[in-house]
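Printed here is structure05.cif (mmCIF, C-alpha atoms and all ligand atoms):
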```cif
data_model
loop_
_atom_site.label_atom_id
_atom_site.label_comp_id
_atom_site.auth_asym_id
_atom_site.auth_seq_id
_atom_site.Cartn_x
_atom_site.Cartn_y
_atom_site.Cartn_z
CA MET A 1 13.86 -22.11 2.30
CA ILE A 2 10.75 -19.91 2.31
CA ALA A 3 8.23 -19.82 5.16
CA VAL A 4 4.71 -18.93 4.06
CA VAL A 5 2.99 -17.83 7.27
CA GLY A 6 -0.76 -18.21 6.82
CA GLY A 7 0.03 -20.59 3.95
CA THR A 8 -3.07 -22.67 4.70
CA GLY A 9 -5.22 -19.93 3.13
CA PRO A 10 -5.83 -19.45 -0.59
CA GLU A 11 -3.28 -16.66 -1.14
CA GLY A 12 -0.40 -18.32 0.72
CA SER A 13 -1.19 -21.76 -0.74
CA GLY A 14 -1.33 -20.30 -4.23
CA LEU A 15 2.05 -18.60 -3.89
CA ALA A 16 3.58 -21.68 -2.24
CA GLN A 17 2.29 -23.94 -4.99
CA ARG A 18 3.78 -21.70 -7.69
CA TRP A 19 7.19 -21.59 -6.00
CA ALA A 20 7.19 -25.32 -5.16
CA ARG A 21 6.50 -26.02 -8.84
CA VAL A 22 9.83 -24.38 -9.81
CA GLY A 23 11.84 -26.11 -7.09
CA GLU A 24 11.79 -23.69 -4.16
CA SER A 25 11.71 -25.37 -0.72
CA ILE A 26 8.67 -24.21 1.21
CA ILE A 27 7.45 -24.45 4.79
CA ILE A 28 3.77 -23.73 5.21
CA GLY A 29 3.11 -22.01 8.53
CA SER A 30 -0.13 -22.15 10.46
CA ARG A 31 -1.39 -21.57 13.98
CA ASP A 32 -2.00 -25.31 13.92
CA ALA A 33 0.89 -27.57 12.83
CA GLU A 34 -1.46 -30.35 11.73
CA ARG A 35 -3.36 -27.95 9.45
CA ALA A 36 -0.03 -26.80 8.00
CA ARG A 37 1.05 -30.37 7.28
CA ALA A 38 -2.27 -31.13 5.56
CA ALA A 39 -1.92 -28.01 3.39
CA ALA A 40 1.71 -28.92 2.60
CA ALA A 41 0.64 -32.43 1.53
CA HIS A 42 -2.03 -31.00 -0.74
CA ILE A 43 0.42 -28.54 -2.34
CA THR A 44 2.96 -31.34 -2.84
CA GLU A 45 0.32 -33.35 -4.74
CA THR A 46 -0.58 -30.48 -7.04
CA ALA A 47 2.84 -28.87 -7.57
CA GLY A 48 4.53 -31.73 -9.42
CA PRO A 49 7.80 -33.63 -9.10
CA LEU A 50 10.05 -30.75 -7.97
CA ALA A 51 7.89 -29.94 -4.96
CA SER A 52 9.50 -29.87 -1.53
CA VAL A 53 6.86 -28.61 0.90
CA GLU A 54 6.63 -29.12 4.66
CA GLY A 55 4.21 -27.84 7.27
CA ALA A 56 4.83 -26.48 10.77
CA ASP A 57 3.40 -24.08 13.32
CA ASN A 58 4.13 -20.45 12.39
CA LEU A 59 6.85 -20.01 15.03
CA THR A 60 8.79 -23.09 13.92
CA ALA A 61 8.44 -22.12 10.25
CA VAL A 62 9.84 -18.65 10.90
CA LYS A 63 12.77 -20.03 12.94
CA MET A 64 13.79 -22.25 10.01
CA CYS A 65 13.82 -19.63 7.24
CA ASP A 66 15.59 -16.47 6.08
CA ILE A 67 12.66 -15.51 3.86
CA VAL A 68 9.18 -15.21 5.36
CA VAL A 69 6.09 -14.42 3.31
CA LEU A 70 3.17 -13.18 5.38
CA THR A 71 -0.30 -14.03 4.04
CA VAL A 72 -2.71 -13.61 6.95
CA PRO A 73 -5.75 -11.34 7.21
CA PHE A 74 -4.93 -7.79 8.35
CA ALA A 75 -7.06 -8.33 11.46
CA GLY A 76 -4.53 -10.90 12.72
CA GLN A 77 -1.32 -9.42 11.32
CA ALA A 78 -0.16 -7.28 14.26
CA GLU A 79 -0.87 -9.83 16.98
CA LEU A 80 0.79 -12.62 15.01
CA LEU A 81 3.92 -10.54 14.31
CA LYS A 82 4.26 -9.75 18.01
CA GLN A 83 4.29 -13.48 18.69
CA LEU A 84 6.76 -14.19 15.87
CA LYS A 85 9.17 -11.30 16.60
CA PRO A 86 11.53 -13.28 18.88
CA ALA A 87 11.72 -16.09 16.34
CA PHE A 88 12.93 -14.08 13.34
CA ARG A 89 16.54 -14.80 12.38
CA PRO A 90 18.79 -11.74 12.04
CA GLY A 91 18.61 -10.56 8.42
CA THR A 92 15.26 -12.15 7.69
CA VAL A 93 13.45 -10.76 4.65
CA LEU A 94 9.77 -10.43 5.49
CA ILE A 95 7.48 -10.05 2.49
CA ASP A 96 4.07 -8.74 3.44
CA ALA A 97 1.07 -9.28 1.17
CA SER A 98 -1.55 -8.06 3.64
CA VAL A 99 -4.26 -5.68 2.53
CA PRO A 100 -5.97 -3.72 5.34
CA LEU A 101 -9.45 -4.23 3.94
CA ALA A 102 -12.29 -2.64 5.87
CA ALA A 103 -13.82 -6.12 5.92
CA ALA A 104 -11.45 -6.77 8.85
CA VAL A 105 -13.76 -4.63 11.04
CA GLY A 106 -17.06 -5.52 9.40
CA GLY A 107 -16.76 -3.00 6.56
CA ARG A 108 -16.61 -3.43 2.82
CA PRO A 109 -13.85 -5.44 1.07
CA THR A 110 -13.73 -2.64 -1.52
CA ARG A 111 -12.40 -0.14 1.04
CA VAL A 112 -9.18 0.04 3.01
CA LEU A 113 -8.71 1.03 6.61
CA GLY A 114 -6.45 3.86 7.67
CA VAL A 115 -3.37 2.34 9.32
CA TRP A 116 -1.47 4.61 11.70
CA GLN A 117 1.91 3.65 10.23
CA GLY A 118 0.63 4.31 6.70
CA SER A 119 0.14 0.76 5.45
CA ALA A 120 -0.09 -2.83 6.60
CA ALA A 121 3.48 -3.34 5.42
CA GLU A 122 4.82 -0.39 7.43
CA GLN A 123 2.95 -1.69 10.46
CA ALA A 124 4.64 -5.06 9.87
CA ALA A 125 8.06 -3.37 9.68
CA GLU A 126 7.44 -1.48 12.93
CA ILE A 127 6.33 -4.57 14.84
CA ALA A 128 8.80 -7.11 13.42
CA GLY A 129 11.78 -5.03 14.59
CA LYS A 130 15.39 -4.59 13.57
CA ASN A 131 16.22 -8.21 12.72
CA VAL A 132 13.87 -8.01 9.78
CA THR A 133 13.77 -6.05 6.52
CA VAL A 134 10.36 -5.73 4.91
CA ALA A 135 9.14 -5.69 1.33
CA ALA A 136 5.51 -5.28 0.35
CA ALA A 137 4.54 -7.45 -2.63
CA PHE A 138 2.06 -9.84 -4.25
CA HIS A 139 -1.08 -7.81 -3.44
CA SER A 140 -2.18 -7.82 -7.08
CA LEU A 141 -2.05 -11.61 -7.46
CA SER A 142 -5.46 -13.03 -6.74
CA ALA A 143 -5.59 -16.47 -5.17
CA THR A 144 -7.86 -17.50 -8.03
CA VAL A 145 -5.19 -16.89 -10.68
CA LEU A 146 -2.44 -18.42 -8.56
CA LYS A 147 -4.32 -21.72 -8.41
CA GLY A 148 -3.34 -24.13 -11.15
CA ASP A 149 -0.45 -23.79 -13.55
CA GLN A 150 -1.54 -21.23 -16.14
CA PRO A 151 0.73 -18.19 -16.62
CA VAL A 152 -0.45 -15.21 -14.58
CA ASP A 153 -1.11 -12.05 -16.60
CA CYS A 154 -0.15 -9.52 -13.93
CA ASP A 155 2.63 -7.27 -12.62
CA VAL A 156 3.70 -7.28 -8.98
CA ILE A 157 4.73 -3.92 -7.55
CA VAL A 158 7.44 -4.35 -4.93
CA CYS A 159 7.96 -1.62 -2.32
CA SER A 160 10.81 -1.62 0.18
CA ASP A 161 13.38 0.58 1.92
CA ASP A 162 15.91 -2.23 1.67
CA GLU A 163 17.50 -3.25 -1.65
CA ARG A 164 18.05 -6.87 -0.64
CA ALA A 165 14.45 -7.29 0.49
CA ARG A 166 13.27 -5.74 -2.78
CA GLN A 167 15.55 -8.08 -4.74
CA VAL A 168 14.36 -11.20 -2.89
CA ALA A 169 10.68 -10.30 -3.40
CA SER A 170 11.28 -9.41 -7.06
CA VAL A 171 13.07 -12.70 -7.79
CA LEU A 172 10.24 -14.65 -6.14
CA ALA A 173 7.63 -12.72 -8.14
CA ALA A 174 9.45 -13.44 -11.40
CA LYS A 175 9.45 -17.17 -10.64
CA ILE A 176 5.70 -17.20 -11.23
CA PRO A 177 5.16 -17.62 -14.99
CA GLY A 178 3.78 -14.46 -16.57
CA VAL A 179 4.50 -12.24 -13.58
CA ARG A 180 6.79 -9.23 -13.88
CA ALA A 181 8.20 -7.56 -10.77
CA ILE A 182 8.12 -3.76 -10.82
CA ASP A 183 10.25 -1.66 -8.48
CA GLY A 184 7.62 0.42 -6.68
CA GLY A 185 10.02 2.51 -4.63
CA LYS A 186 9.97 2.95 -0.87
CA LEU A 187 7.96 0.94 1.60
CA GLU A 188 5.76 3.99 2.17
CA ASN A 189 4.31 3.38 -1.31
CA ALA A 190 2.78 0.16 -0.01
CA ARG A 191 -0.20 2.25 1.13
CA ILE A 192 -0.95 2.97 -2.53
CA VAL A 193 -0.49 -0.62 -3.69
CA GLU A 194 -2.64 -1.94 -0.83
CA ALA A 195 -5.41 0.53 -1.71
CA MET A 196 -5.17 -0.45 -5.39
CA THR A 197 -5.98 -3.98 -4.31
CA ALA A 198 -9.30 -2.83 -2.87
CA LEU A 199 -9.95 -1.32 -6.31
CA LEU A 200 -9.14 -4.69 -7.89
CA ILE A 201 -11.87 -6.20 -5.72
CA THR A 202 -14.30 -3.56 -7.03
CA LEU A 203 -13.24 -4.42 -10.60
CA ASN A 204 -13.77 -8.13 -9.94
CA ILE A 205 -17.28 -7.43 -8.65
CA ARG A 206 -18.30 -4.99 -11.39
CA HIS A 207 -16.90 -7.08 -14.24
CA LYS A 208 -18.02 -10.40 -12.72
CA VAL A 209 -14.52 -11.93 -12.76
CA GLN A 210 -12.21 -13.21 -10.03
CA GLY A 211 -8.73 -12.47 -11.26
CA ALA A 212 -8.38 -8.81 -12.26
CA GLY A 213 -4.76 -7.63 -12.12
CA TRP A 214 -2.41 -4.81 -13.18
CA ARG A 215 0.07 -4.22 -16.01
CA VAL A 216 2.31 -1.15 -15.92
CA THR A 217 3.24 0.24 -19.35
CA GLY A 218 5.92 2.60 -20.60
CA LEU A 219 8.73 1.54 -18.27
CA GLY A 220 10.94 0.14 -21.02
CA ILE A 221 11.50 -3.13 -19.16
N1 LIG A 301 -7.08 -14.01 -1.39
C1 LIG A 301 -6.57 -13.20 -2.30
O1 LIG A 301 -6.90 -13.29 -3.52
C2 LIG A 301 -5.53 -12.17 -1.90
C3 LIG A 301 -4.89 -11.43 -2.89
C4 LIG A 301 -3.90 -10.50 -2.52
C5 LIG A 301 -3.59 -10.32 -1.17
N2 LIG A 301 -4.26 -11.03 -0.24
C6 LIG A 301 -3.92 -10.81 1.17
O2 LIG A 301 -3.25 -11.98 1.63
C7 LIG A 301 -3.65 -12.26 2.98
C8 LIG A 301 -4.21 -13.68 3.04
O3 LIG A 301 -5.33 -13.79 2.19
P1 LIG A 301 -6.23 -15.12 2.23
O4 LIG A 301 -7.37 -14.87 1.34
O5 LIG A 301 -5.37 -16.34 2.03
O6 LIG A 301 -6.73 -15.04 3.76
P2 LIG A 301 -7.43 -16.08 4.74
O7 LIG A 301 -7.78 -17.34 4.01
O8 LIG A 301 -8.52 -15.38 5.45
O9 LIG A 301 -6.27 -16.35 5.80
C9 LIG A 301 -5.07 -17.00 5.48
C10 LIG A 301 -4.60 -17.79 6.69
O10 LIG A 301 -4.28 -16.90 7.75
C11 LIG A 301 -4.45 -17.56 8.99
N3 LIG A 301 -5.20 -16.69 9.89
C12 LIG A 301 -6.52 -16.34 9.79
N4 LIG A 301 -6.87 -15.49 10.77
C13 LIG A 301 -5.74 -15.31 11.52
C14 LIG A 301 -5.45 -14.58 12.68
N5 LIG A 301 -6.38 -13.81 13.31
N6 LIG A 301 -4.20 -14.63 13.18
C15 LIG A 301 -3.25 -15.37 12.58
N7 LIG A 301 -3.46 -16.11 11.48
C16 LIG A 301 -4.69 -16.07 10.94
C17 LIG A 301 -5.23 -18.85 8.70
O11 LIG A 301 -4.31 -19.92 8.83
P3 LIG A 301 -4.31 -20.90 10.12
O12 LIG A 301 -5.71 -20.91 10.67
O13 LIG A 301 -3.91 -22.19 9.50
O14 LIG A 301 -3.31 -20.30 11.04
C18 LIG A 301 -5.66 -18.71 7.27
O15 LIG A 301 -5.68 -19.94 6.56
C19 LIG A 301 -4.66 -11.18 3.38
O16 LIG A 301 -4.01 -10.15 4.10
C20 LIG A 301 -5.15 -10.64 2.06
O17 LIG A 301 -5.53 -9.27 2.13
C21 LIG A 301 -5.20 -11.96 -0.57
#
```

Spit out the file's structure as structure tokens when you get a sec.
Amino acid sequence: MIAVVGGTGPEGSGLAQRWARVGESIIIGSRDAERARAAAAHITETAGPLASVEGADNLTAVKMCDIVVLTVPFAGQAELLKQLKPAFRPGTVLIDASVPLAAAVGGRPTRVLGVWQGSAAEQAAEIAGKNVTVAAAFHSLSATVLKGDQPVDCDVIVCSDDERARQVASVLAAKIPGVRAIDGGKLENARIVEAMTALLITLNIRHKVQGAGWRVTGLGI
């Protein structure tokens, strides 16, 4: 079962809908259990007959799952993880999709903030503690392209210091039609992938689209 913390927002809902469509069991997490249940009901309606989606407050969702996908704004990431830390099961794989956009402090969404640990994902790993292994993934998938059921023309670069976390994130990425998971090396590379996402926002603005993404060539995979 996969907890999508912040799954009431467009990114988490989009991922949850894609995974529910192929039969994954999902718990949408929210600061408000009622809001989570409403989002879960909506995803169940749109995701088709295989969908198994529940809603719960973030803490309950995390307690129930061995895989947690974090899709909250960077501005709330650290505080939320401090609250969730005691609830993580030993061995939990935490997949962080946060991008530390400067918009979090009133700046531009086309710029990223400097994060002391190096990236939002490394900050997540530091705060979540030893029960949790972290992978950074899904930054390149815009909520706009995740909506609906069309194949997504995009690669997902997965960064982690833990092979199991990388594997879990890669398998989940590959469950989204059209998506290819690319091993992006250590978690420290998340700072590059997160910054590339700010560039995707620039590309969306300049080319007047909403779903710019990446394809990596020449890897022979
Ligand atoms: N949108 C995209 O296309 C996209 C693409 C790639 C990566 N991302 C990343 O994915 C994350 C989520 O994106 P989003 O567009 O879905 O964001 P969002 O709509 O702003 O937030 C997602 C959810 O996070 C919860 N939340 C908001 N502020 C919070 C806080 N201070 N503390 C704890 N929870 C909070 C809210 O759920 P409740 O109020 O129900 O708790 C909200 O529905 C961001 O870090 C973003 O950088 C987004």

request  = Take atom CA of A:Leu146 and atom CA of A:Gln123 and report the distance between them in Å, one decimal.
outcome  = 25.9 Å

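Nearest-residue note for ligand LIG 301 (chain A): choosing from A:Leu203, A:Val171, A:Ile43, A:Ala212, the minimum distance belongs to A:Ala212, counting all atoms listed in the file.
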
request  = Can you pull out every residue within 12 Å of A:Gly9, counting only C-alpha atoms, but drop anything in the same chain fewer than 2 positions away, and send it as a PyMOL selection string?
outcome  = chain A and resi 4-7+11-17+28-31+35-36+38-40+43+70-73+143-144+147

Residue contacts of A:Ala181 (6 Å, only C-alpha atoms) excluding same-chain residues fewer than 3 positions away, as a JSON list (two decimals) with C-alpha atoms, in the frame of the given file:
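Generated output (selection-v5.json):
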```
[["chain", "number", "residue", "atom", "x", "y", "z"],
["A", 155, "ASP", "CA", 2.63, -7.27, -12.62],
["A", 156, "VAL", "CA", 3.70, -7.28, -8.98],
["A", 157, "ILE", "CA", 4.73, -3.92, -7.55],
["A", 170, "SER", "CA", 11.28, -9.41, -7.06],
["A", 173, "ALA", "CA", 7.63, -12.72, -8.14]]
```

task = Name the residues, using the chain letters and numbers of the file, that sit within 8 Å of (3.1, -3.7, -17.8) when counting only C-alpha atoms, and give them as a PyMOL selection string.
result = chain A and resi 154-155+180+214-219

remark   = In terms of all atoms listed in the file, the residue from A:Glu54, A:Glu24, A:Glu79, A:Asp149 at minimal distance from A:Ile127 is A:Glu79

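Of the listed residues A:Thr202, A:Gln150, A:Thr110, A:Ser142, the one whose atoms come nearest to ligand LIG 301 (chain A) is A:Ser142, with distances taken using all atoms listed in the file.
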
Output as AutoDock Vina command-line options the centre and edge lengths (Å, one decimal) of the box along x, y and z of the file that holds every listed atom of ligand LIG 301 (chain A) after adding 5 Å on each side.
```
--center_x -5.9 --center_y -15.7 --center_z 4.9 --size_x 15.3 --size_y 22.9 --size_z 26.8
```

ask   = With only C-alpha atoms as the atoms that count, which of A:Leu94, A:Ala75, A:Ala137, A:Val168 lies nearest to A:Val115?
value = A:Ala75

ask   = What gap, in Å, lies between atom CA of A:Arg21 and atom C3 of ligand LIG 301 (chain A)?
value = 19.4 Å

query = So what do you get for atom CA of A:Ile26 versus atom CA of A:Leu172, distance-wise?
reply = 12.2 Å

task = Do a neighbour search on A:Val152 at 8 Å with only C-alpha atoms, toss out local chain neighbours closer than 3 positions, and write the hits as a ChimeraX atom specification.
result = /A:145-146,176-179

key: Long-range neighbours of stretch 197-200 of chain A as an MDAnalysis selection string, 9 Å cut-off, all atoms listed in the file, 6 positions minimum in chain   = chainID A and resid 99:101 109:112 139:140 211:214

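Among the candidates A:Ala97, A:Ala128, A:Ala102, A:Leu84, the one nearest to A:Val62 when counting all atoms listed in the file is A:Leu84.
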
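Closest approach to A:Ala33 among A:Ile182, A:Ala61, A:Val53, A:Ala20 is made by A:Ala61 (distances from only C-alpha atoms).
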
message = Quick one: residues within 9 Å of A:Asn189, all atoms listed in the file, excluding same-chain residues fewer than 2 positions away - as number ranges by chain?
response = A: 118-119, 136, 159-160, 184-187, 191-194

Since we have the selection now, will you write its residues out, keeping C-alpha atoms, as a compact mmCIF listing (two decimals), in the coordinates of the input?
```txt
# COMPACT_ATOMS: atom_id res chain seq x y z
CA GLY A 118 0.63 4.31 6.70
CA SER A 119 0.14 0.76 5.45
CA ALA A 136 5.51 -5.28 0.35
CA CYS A 159 7.96 -1.62 -2.32
CA SER A 160 10.81 -1.62 0.18
CA GLY A 184 7.62 0.42 -6.68
CA GLY A 185 10.02 2.51 -4.63
CA LYS A 186 9.97 2.95 -0.87
CA LEU A 187 7.96 0.94 1.60
CA ARG A 191 -0.20 2.25 1.13
CA ILE A 192 -0.95 2.97 -2.53
CA VAL A 193 -0.49 -0.62 -3.69
CA GLU A 194 -2.64 -1.94 -0.83
```
